[in-house]
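This is run-v2.pdb. It holds PDB, C-alpha atoms.
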MODEL        1
ATOM      1  CA  MET A   1     117.089  95.519 122.218
ATOM      2  CA  GLU A   2     114.437  93.223 120.750
ATOM      3  CA  PHE A   3     110.811  93.846 119.783
ATOM      4  CA  LEU A   4     108.125  91.434 118.711
ATOM      5  CA  ILE A   5     106.064  92.307 115.661
ATOM      6  CA  PHE A   6     102.661  90.650 115.953
ATOM      7  CA  ILE A   7     100.800  89.880 112.726
ATOM      8  CA  SER A   8      97.465  88.193 112.070
ATOM      9  CA  PRO A   9      97.654  84.918 110.102
ATOM     10  CA  ASN A  10      96.449  86.760 106.960
ATOM     11  CA  ASP A  11      95.426  90.236 105.824
ATOM     12  CA  PHE A  12      97.819  92.278 107.955
ATOM     13  CA  LYS A  13      99.171  95.520 106.516
ATOM     14  CA  ASP A  14     102.432  94.598 104.819
ATOM     15  CA  GLU A  15     103.530  98.217 104.749
ATOM     16  CA  SER A  16     103.309  98.496 108.552
ATOM     17  CA  VAL A  17     105.501  95.428 109.007
ATOM     18  CA  SER A  18     108.078  96.566 106.452
ATOM     19  CA  ALA A  19     108.235 100.087 107.942
ATOM     20  CA  PHE A  20     108.881  98.821 111.474
ATOM     21  CA  LYS A  21     111.359  96.182 110.315
ATOM     22  CA  MET A  22     113.268  98.787 108.311
ATOM     23  CA  PHE A  23     113.448 101.355 111.124
ATOM     24  CA  PHE A  24     114.226  98.747 113.789
ATOM     25  CA  GLU A  25     117.028  97.205 111.721
ATOM     26  CA  ARG A  26     118.444 100.647 110.945
ATOM     27  CA  TRP A  27     118.752 101.335 114.692
ATOM     28  CA  GLY A  28     120.009  97.896 115.740
ATOM     29  CA  ILE A  29     116.739  96.609 117.196
ATOM     30  CA  LYS A  30     116.057  92.962 116.532
ATOM     31  CA  ALA A  31     112.573  92.445 115.059
ATOM     32  CA  THR A  32     110.995  89.037 115.766
ATOM     33  CA  ILE A  33     107.801  88.165 113.890
ATOM     34  CA  THR A  34     105.101  86.475 115.953
ATOM     35  CA  SER A  35     101.638  85.177 115.105
ATOM     36  CA  TYR A  36      99.155  82.610 116.275
ATOM     37  CA  SER A  37      99.775  80.782 112.992
ATOM     38  CA  THR A  38     102.534  78.230 112.569
ATOM     39  CA  LYS A  39     102.352  78.597 108.777
ATOM     40  CA  GLU A  40     103.271  81.374 106.406
ATOM     41  CA  CYS A  41     101.290  84.550 107.064
ATOM     42  CA  ILE A  42     100.191  86.513 104.010
ATOM     43  CA  GLY A  43      99.648  90.256 104.099
ATOM     44  CA  SER A  44      96.979  92.285 102.326
ATOM     45  CA  HIS A  45      99.365  93.057  99.466
ATOM     46  CA  GLY A  46     100.943  89.608  99.253
ATOM     47  CA  ALA A  47     103.985  89.877 101.540
ATOM     48  CA  ILE A  48     104.748  86.536 103.169
ATOM     49  CA  TYR A  49     106.267  86.160 106.621
ATOM     50  CA  MET A  50     106.994  82.959 108.479
ATOM     51  CA  PRO A  51     106.583  83.628 112.212
ATOM     52  CA  ASP A  52     109.797  83.296 114.208
ATOM     53  CA  ILE A  53     107.825  82.343 117.314
ATOM     54  CA  ASN A  54     104.236  81.336 118.006
ATOM     55  CA  THR A  55     102.502  83.971 120.116
ATOM     56  CA  ASN A  56     101.493  81.271 122.629
ATOM     57  CA  LYS A  57     105.190  80.782 123.466
ATOM     58  CA  ILE A  58     106.060  84.414 124.140
ATOM     59  CA  ASP A  59     107.840  85.250 127.380
ATOM     60  CA  PRO A  60     107.430  89.040 127.745
ATOM     61  CA  SER A  61     110.489  89.267 130.000
ATOM     62  CA  LYS A  62     112.711  88.447 126.986
ATOM     63  CA  TYR A  63     111.564  91.419 124.894
ATOM     64  CA  ASN A  64     111.561  95.191 125.166
ATOM     65  CA  GLY A  65     108.146  95.483 123.594
ATOM     66  CA  ILE A  66     105.615  94.398 121.017
ATOM     67  CA  VAL A  67     104.199  96.060 117.905
ATOM     68  CA  LEU A  68     100.596  95.186 116.999
ATOM     69  CA  ILE A  69     100.219  95.387 113.228
ATOM     70  CA  ASP A  70      96.943  96.651 111.814
ATOM     71  CA  GLY A  71      94.836  95.364 108.968
ATOM     72  CA  PRO A  72      91.635  93.495 108.115
ATOM     73  CA  GLY A  73      93.013  90.301 109.688
ATOM     74  CA  ILE A  74      92.457  91.791 113.167
ATOM     75  CA  ASP A  75      88.718  91.630 112.540
ATOM     76  CA  THR A  76      88.699  88.475 110.381
ATOM     77  CA  TYR A  77      90.393  86.448 113.137
ATOM     78  CA  LYS A  78      88.597  88.340 115.937
ATOM     79  CA  LEU A  79      91.919  89.022 117.655
ATOM     80  CA  GLN A  80      90.230  91.778 119.679
ATOM     81  CA  GLU A  81      88.239  88.967 121.364
ATOM     82  CA  PHE A  82      91.095  86.514 122.060
ATOM     83  CA  ARG A  83      91.589  86.292 125.827
ATOM     84  CA  PRO A  84      95.028  84.574 125.790
ATOM     85  CA  PHE A  85      96.411  87.532 123.835
ATOM     86  CA  PHE A  86      94.966  89.945 126.399
ATOM     87  CA  ASP A  87      96.890  88.079 129.097
ATOM     88  CA  ILE A  88     100.147  88.477 127.148
ATOM     89  CA  LEU A  89      99.580  92.208 126.667
ATOM     90  CA  THR A  90      98.707  92.580 130.351
ATOM     91  CA  LYS A  91     102.066  90.992 131.230
ATOM     92  CA  PHE A  92     103.921  93.339 128.865
ATOM     93  CA  ASN A  93     102.108  96.281 130.440
ATOM     94  CA  SER A  94     102.720  95.204 134.043
ATOM     95  CA  MET A  95     106.436  94.890 133.207
ATOM     96  CA  HIS A  96     106.349  98.399 131.675
ATOM     97  CA  LYS A  97     107.382  97.011 128.292
ATOM     98  CA  TYR A  98     106.475  99.028 125.212
ATOM     99  CA  ILE A  99     103.183  98.234 123.477
ATOM    100  CA  ILE A 100     102.910  99.869 120.078
ATOM    101  CA  SER A 101      99.607  99.640 118.226
ATOM    102  CA  ILE A 102      98.630 100.845 114.780
ATOM    103  CA  GLY A 103      95.141 101.662 113.513
ATOM    104  CA  ASN A 104      92.545  98.991 114.207
ATOM    105  CA  SER A 105      94.967  96.875 116.291
ATOM    106  CA  GLN A 106      94.226  99.346 119.099
ATOM    107  CA  LYS A 107      91.009  97.400 119.710
ATOM    108  CA  ILE A 108      93.178  94.585 121.067
ATOM    109  CA  SER A 109      94.975  96.886 123.517
ATOM    110  CA  ALA A 110      91.675  98.445 124.550
ATOM    111  CA  LYS A 111      89.996  95.124 125.272
ATOM    112  CA  ALA A 112      93.097  93.942 127.132
ATOM    113  CA  ASN A 113      92.207  96.845 129.442
ATOM    114  CA  ILE A 114      95.619  98.518 129.295
ATOM    115  CA  LEU A 115      94.550 101.896 127.884
ATOM    116  CA  ARG A 116      92.746 103.258 130.954
ATOM    117  CA  GLY A 117      93.639 106.944 131.214
ATOM    118  CA  LYS A 118      96.131 106.765 128.332
ATOM    119  CA  LYS A 119      96.138 109.041 125.293
ATOM    120  CA  VAL A 120      95.584 107.079 122.089
ATOM    121  CA  ALA A 121      95.944 108.247 118.470
ATOM    122  CA  VAL A 122      92.760 106.637 117.196
ATOM    123  CA  PRO A 123      92.110 105.923 113.512
ATOM    124  CA  ALA A 124      89.128 107.242 111.555
ATOM    125  CA  ASP A 125      87.110 104.028 111.886
ATOM    126  CA  LYS A 126      84.280 104.469 114.356
ATOM    127  CA  GLU A 127      84.444 100.943 115.811
ATOM    128  CA  THR A 128      88.048 101.385 116.975
ATOM    129  CA  GLN A 129      87.272 104.847 118.360
ATOM    130  CA  ARG A 130      84.274 103.491 120.267
ATOM    131  CA  THR A 131      86.239 100.532 121.659
ATOM    132  CA  VAL A 132      89.134 102.716 122.836
ATOM    133  CA  GLU A 133      86.747 105.116 124.584
ATOM    134  CA  LEU A 134      84.639 102.294 126.047
ATOM    135  CA  PHE A 135      87.759 100.916 127.756
ATOM    136  CA  HIS A 136      88.684 104.383 129.074
ATOM    137  CA  GLY A 137      91.396 105.347 126.594
ATOM    138  CA  ILE A 138      91.579 109.057 125.811
ATOM    139  CA  ALA A 139      91.062 109.538 122.067
ATOM    140  CA  SER A 140      93.470 111.921 120.381
ATOM    141  CA  GLU A 141      93.452 113.307 116.869
ATOM    142  CA  LYS A 142      97.263 113.308 116.672
ATOM    143  CA  ASP A 143      98.991 110.923 114.256
ATOM    144  CA  VAL A 144     101.002 109.373 117.099
ATOM    145  CA  GLU A 145     100.588 109.390 120.863
ATOM    146  CA  ILE A 146     103.261 108.351 123.329
ATOM    147  CA  ASP A 147     101.888 107.859 126.829
ATOM    148  CA  GLY A 148     104.421 106.032 128.968
ATOM    149  CA  ASN A 149     104.868 102.520 127.609
ATOM    150  CA  ILE A 150     101.788 102.799 125.372
ATOM    151  CA  ILE A 151     102.502 104.107 121.877
ATOM    152  CA  SER A 152      99.777 104.402 119.257
ATOM    153  CA  PHE A 153      99.765 105.329 115.593
ATOM    154  CA  LYS A 154      96.583 106.565 113.937
ATOM    155  CA  SER A 155      97.453 104.667 110.732
ATOM    156  CA  THR A 156     100.215 103.076 108.712
ATOM    157  CA  ASN A 157     100.730 106.425 106.975
ATOM    158  CA  ALA A 158     101.744 108.001 110.299
ATOM    159  CA  ILE A 159     104.675 105.636 110.897
ATOM    160  CA  GLU A 160     107.333 107.137 108.651
ATOM    161  CA  ASP A 161     106.704 110.754 109.673
ATOM    162  CA  ASN A 162     106.597 109.997 113.408
ATOM    163  CA  ILE A 163     108.963 107.073 113.996
ATOM    164  CA  ASN A 164     111.836 109.318 115.129
ATOM    165  CA  SER A 165     109.953 110.487 118.222
ATOM    166  CA  VAL A 166     109.150 106.855 119.058
ATOM    167  CA  LEU A 167     112.779 105.765 118.618
ATOM    168  CA  GLU A 168     113.883 108.627 120.886
ATOM    169  CA  HIS A 169     111.278 107.636 123.494
ATOM    170  CA  ILE A 170     112.453 104.011 123.605
ATOM    171  CA  GLY A 171     116.039 105.210 123.915
ATOM    172  CA  VAL A 172     117.711 104.112 120.678
ATOM    173  CA  LYS A 173     118.051 107.448 118.908
TER     174      LYS A 173
ENDMDL
END
What is this structure when it is put down as structure tokens?
Amino acid sequence: MEFLIFISPNDFKDESVSAFKMFFERWGIKATITSYSTKECIGSHGAIYMPDINTNKIDPSKYNGIVLIDGPGIDTYKLQEFRPFFDILTKFNSMHKYIISIGNSQKISAKANILRGKKVAVPADKETQRTVELFHGIASEKDVEIDGNIISFKSTNAIEDNINSVLEHIGVK
């Protein structure tokens, strides 16, 4: 099993990446870092990751899913407005691959129009809540929502306490 972990070129939440990498590695899931940058990506707290693959070169059929990492970089780079990324997420969704979003990265999934009728664990920030609802996602106050192939975490803090249910859902635990 292999998952992509998508990060913005800068200002992603390091702790979200490290949590997913740790849990994926523990359960034998290969974690491949992807970004639209071809250079080192630097997180909000200074973690540095060199992308394994440029997001433009992703073939969704080769992966079981993708994790969208949250953080200020989503807004800085306007990733919630980047049409080519919407097309990639649409392909993942049409192939019933897992799409995991955390916090403000849910704006990307919403604008890719893949949340229609899906329950979403929305974060406290009003802009993300509004975007999810505008694109017909069903806002939930839970820390994590699993609705078919769409999995959402309210925040980075929700990962550790709720990852077991996600790992069971994707069939590795």
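CA of Thr156 in chain A is positioned 7.1 Å from CA of Gly103 in chain A.
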**Study point:** Selection near Gly28 in chain A, 10 Å with all atoms listed in the file, sequence-local residues under 5 positions removed, as a list of chain:residue names
**Key:** A:Met1, A:Glu2, A:Phe23, A:Val172
Check your understanding: Leaving out range 110-115 of chain A and any residue of its chain fewer than 4 positions from it, which residues lie within 10 Å of it when counting only C-alpha atoms, given as a ChimeraX atom specification?
Key -> /A:79-90,92-94,99,105-106,119-120,128-138,147,150
Exercise for review: Find the spatial neighbours of Ala124 in chain A, counting only C-alpha atoms, within a cut-off of 10 Å - ignore same-chain residues fewer than 2 positions away - and output them as a ChimeraX atom specification.
Suggested key: /A:103-104,121-122,126-129,141,154-155
Exercise for review: In the coordinate frame of the file, compute which residues have an atom within 9 Å of (101.1, 111.4, 117.3) when using all atoms listed in the file, and state them as a list in words.
Suggested key: Val120, Ala121, Ser140, Glu141, Lys142, Asp143, Val144, Glu145, Ile146, Ile151, Ser152, Phe153, Lys154, Ala158, Asn162 and Ser165 of chain A
Contacts between range 4-11 of chain A and range 49-77 of chain A, please, where a residue of range 49-77 of chain A counts if it comes within 8 Å (with only C-alpha atoms); show its shortest atom pair and distance in Å to one decimal, rows by chain and ascending number, as CSV.
residue,atom,partner,partner_atom,distance
A:Thr55,CA,A:Phe6,CA,7.9
A:Tyr63,CA,A:Leu4,CA,7.1
A:Gly65,CA,A:Leu4,CA,6.3
A:Ile66,CA,A:Leu4,CA,4.5
A:Val67,CA,A:Ile5,CA,4.8
A:Leu68,CA,A:Phe6,CA,5.1
A:Ile69,CA,A:Ile7,CA,5.6
A:Asp70,CA,A:Ile7,CA,7.8
A:Gly71,CA,A:Asp11,CA,6.0
A:Pro72,CA,A:Asp11,CA,5.5
A:Gly73,CA,A:Asp11,CA,4.6
A:Ile74,CA,A:Ser8,CA,6.3
A:Tyr77,CA,A:Ser8,CA,7.4
Point to revise | Residues near Asn64 in chain A, cut-off 8 Å, all atoms listed in the file, skip fewer than 3 positions along chain, as a count of residues only | key: 7
Practice item. Record the distance separating CA of Thr34 in chain A and CA of Asp52 in chain A, expressed in Å with one decimal. Key: 5.9 Å
Can you put N, CA and C atoms back into range 51-80 of chain A and show it as an mmCIF file, keeping the file's coordinate frame?
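Result saved to out13.cif:
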data_model
loop_
_atom_site.group_PDB
_atom_site.id
_atom_site.type_symbol
_atom_site.label_atom_id
_atom_site.label_comp_id
_atom_site.auth_asym_id
_atom_site.auth_seq_id
_atom_site.Cartn_x
_atom_site.Cartn_y
_atom_site.Cartn_z
ATOM 1 N N PRO A 51 106.347 83.196 110.826
ATOM 2 C CA PRO A 51 106.583 83.628 112.212
ATOM 3 C C PRO A 51 107.843 82.991 112.802
ATOM 4 N N ASP A 52 108.603 83.792 113.513
ATOM 5 C CA ASP A 52 109.797 83.296 114.208
ATOM 6 C C ASP A 52 109.410 82.559 115.476
ATOM 7 N N ILE A 53 108.289 82.962 116.071
ATOM 8 C CA ILE A 53 107.825 82.343 117.314
ATOM 9 C C ILE A 53 106.297 82.406 117.339
ATOM 10 N N ASN A 54 105.680 81.348 117.837
ATOM 11 C CA ASN A 54 104.236 81.336 118.006
ATOM 12 C C ASN A 54 103.904 82.224 119.201
ATOM 13 N N THR A 55 102.873 83.022 119.070
ATOM 14 C CA THR A 55 102.502 83.971 120.116
ATOM 15 C C THR A 55 102.210 83.266 121.444
ATOM 16 N N ASN A 56 101.742 82.030 121.396
ATOM 17 C CA ASN A 56 101.493 81.271 122.629
ATOM 18 C C ASN A 56 102.758 81.034 123.446
ATOM 19 N N LYS A 57 103.917 81.101 122.800
ATOM 20 C CA LYS A 57 105.190 80.782 123.466
ATOM 21 C C LYS A 57 105.985 82.012 123.884
ATOM 22 N N ILE A 58 105.375 83.166 123.793
ATOM 23 C CA ILE A 58 106.060 84.414 124.140
ATOM 24 C C ILE A 58 106.291 84.506 125.641
ATOM 25 N N ASP A 59 107.508 84.891 125.996
ATOM 26 C CA ASP A 59 107.840 85.250 127.380
ATOM 27 C C ASP A 59 108.157 86.744 127.360
ATOM 28 N N PRO A 60 107.228 87.592 127.821
ATOM 29 C CA PRO A 60 107.430 89.040 127.745
ATOM 30 C C PRO A 60 108.737 89.531 128.374
ATOM 31 N N SER A 61 109.258 88.811 129.341
ATOM 32 C CA SER A 61 110.489 89.267 130.000
ATOM 33 C C SER A 61 111.695 89.247 129.049
ATOM 34 N N LYS A 62 111.591 88.557 127.936
ATOM 35 C CA LYS A 62 112.711 88.447 126.986
ATOM 36 C C LYS A 62 112.711 89.543 125.923
ATOM 37 N N TYR A 63 111.701 90.407 125.940
ATOM 38 C CA TYR A 63 111.564 91.419 124.894
ATOM 39 C C TYR A 63 111.386 92.796 125.507
ATOM 40 N N ASN A 64 111.740 93.807 124.724
ATOM 41 C CA ASN A 64 111.561 95.191 125.166
ATOM 42 C C ASN A 64 110.169 95.715 124.855
ATOM 43 N N GLY A 65 109.482 95.039 123.940
ATOM 44 C CA GLY A 65 108.146 95.483 123.594
ATOM 45 C C GLY A 65 107.554 94.675 122.463
ATOM 46 N N ILE A 66 106.347 95.072 122.081
ATOM 47 C CA ILE A 66 105.615 94.398 121.017
ATOM 48 C C ILE A 66 104.909 95.449 120.165
ATOM 49 N N VAL A 67 104.897 95.202 118.862
ATOM 50 C CA VAL A 67 104.199 96.060 117.905
ATOM 51 C C VAL A 67 103.005 95.265 117.387
ATOM 52 N N LEU A 68 101.814 95.823 117.492
ATOM 53 C CA LEU A 68 100.596 95.186 116.999
ATOM 54 C C LEU A 68 100.282 95.766 115.627
ATOM 55 N N ILE A 69 100.419 94.938 114.603
ATOM 56 C CA ILE A 69 100.219 95.387 113.228
ATOM 57 C C ILE A 69 98.728 95.419 112.892
ATOM 58 N N ASP A 70 98.333 96.436 112.195
ATOM 59 C CA ASP A 70 96.943 96.651 111.814
ATOM 60 C C ASP A 70 96.566 95.867 110.560
ATOM 61 N N GLY A 71 95.308 95.968 110.202
ATOM 62 C CA GLY A 71 94.836 95.364 108.968
ATOM 63 C C GLY A 71 93.538 94.612 109.158
ATOM 64 N N PRO A 72 92.914 94.200 108.051
ATOM 65 C CA PRO A 72 91.635 93.495 108.115
ATOM 66 C C PRO A 72 91.704 92.173 108.889
ATOM 67 N N GLY A 73 92.867 91.569 108.962
ATOM 68 C CA GLY A 73 93.013 90.301 109.688
ATOM 69 C C GLY A 73 92.673 90.407 111.166
ATOM 70 N N ILE A 74 92.825 91.588 111.757
ATOM 71 C CA ILE A 74 92.457 91.791 113.167
ATOM 72 C C ILE A 74 90.992 91.405 113.355
ATOM 73 N N ASP A 75 90.151 91.897 112.443
ATOM 74 C CA ASP A 75 88.718 91.630 112.540
ATOM 75 C C ASP A 75 88.356 90.230 112.033
ATOM 76 N N THR A 76 88.985 89.801 110.949
ATOM 77 C CA THR A 76 88.699 88.475 110.381
ATOM 78 C C THR A 76 88.924 87.377 111.414
ATOM 79 N N TYR A 77 90.044 87.463 112.147
ATOM 80 C CA TYR A 77 90.393 86.448 113.137
ATOM 81 C C TYR A 77 89.895 86.790 114.538
ATOM 82 N N LYS A 78 89.168 87.893 114.662
ATOM 83 C CA LYS A 78 88.597 88.340 115.937
ATOM 84 C C LYS A 78 89.660 88.405 117.048
ATOM 85 N N LEU A 79 90.819 88.940 116.692
ATOM 86 C CA LEU A 79 91.919 89.022 117.655
ATOM 87 C C LEU A 79 91.596 89.959 118.810
ATOM 88 N N GLN A 80 90.665 90.884 118.601
ATOM 89 C CA GLN A 80 90.230 91.778 119.679
ATOM 90 C C GLN A 80 89.325 91.066 120.674
#
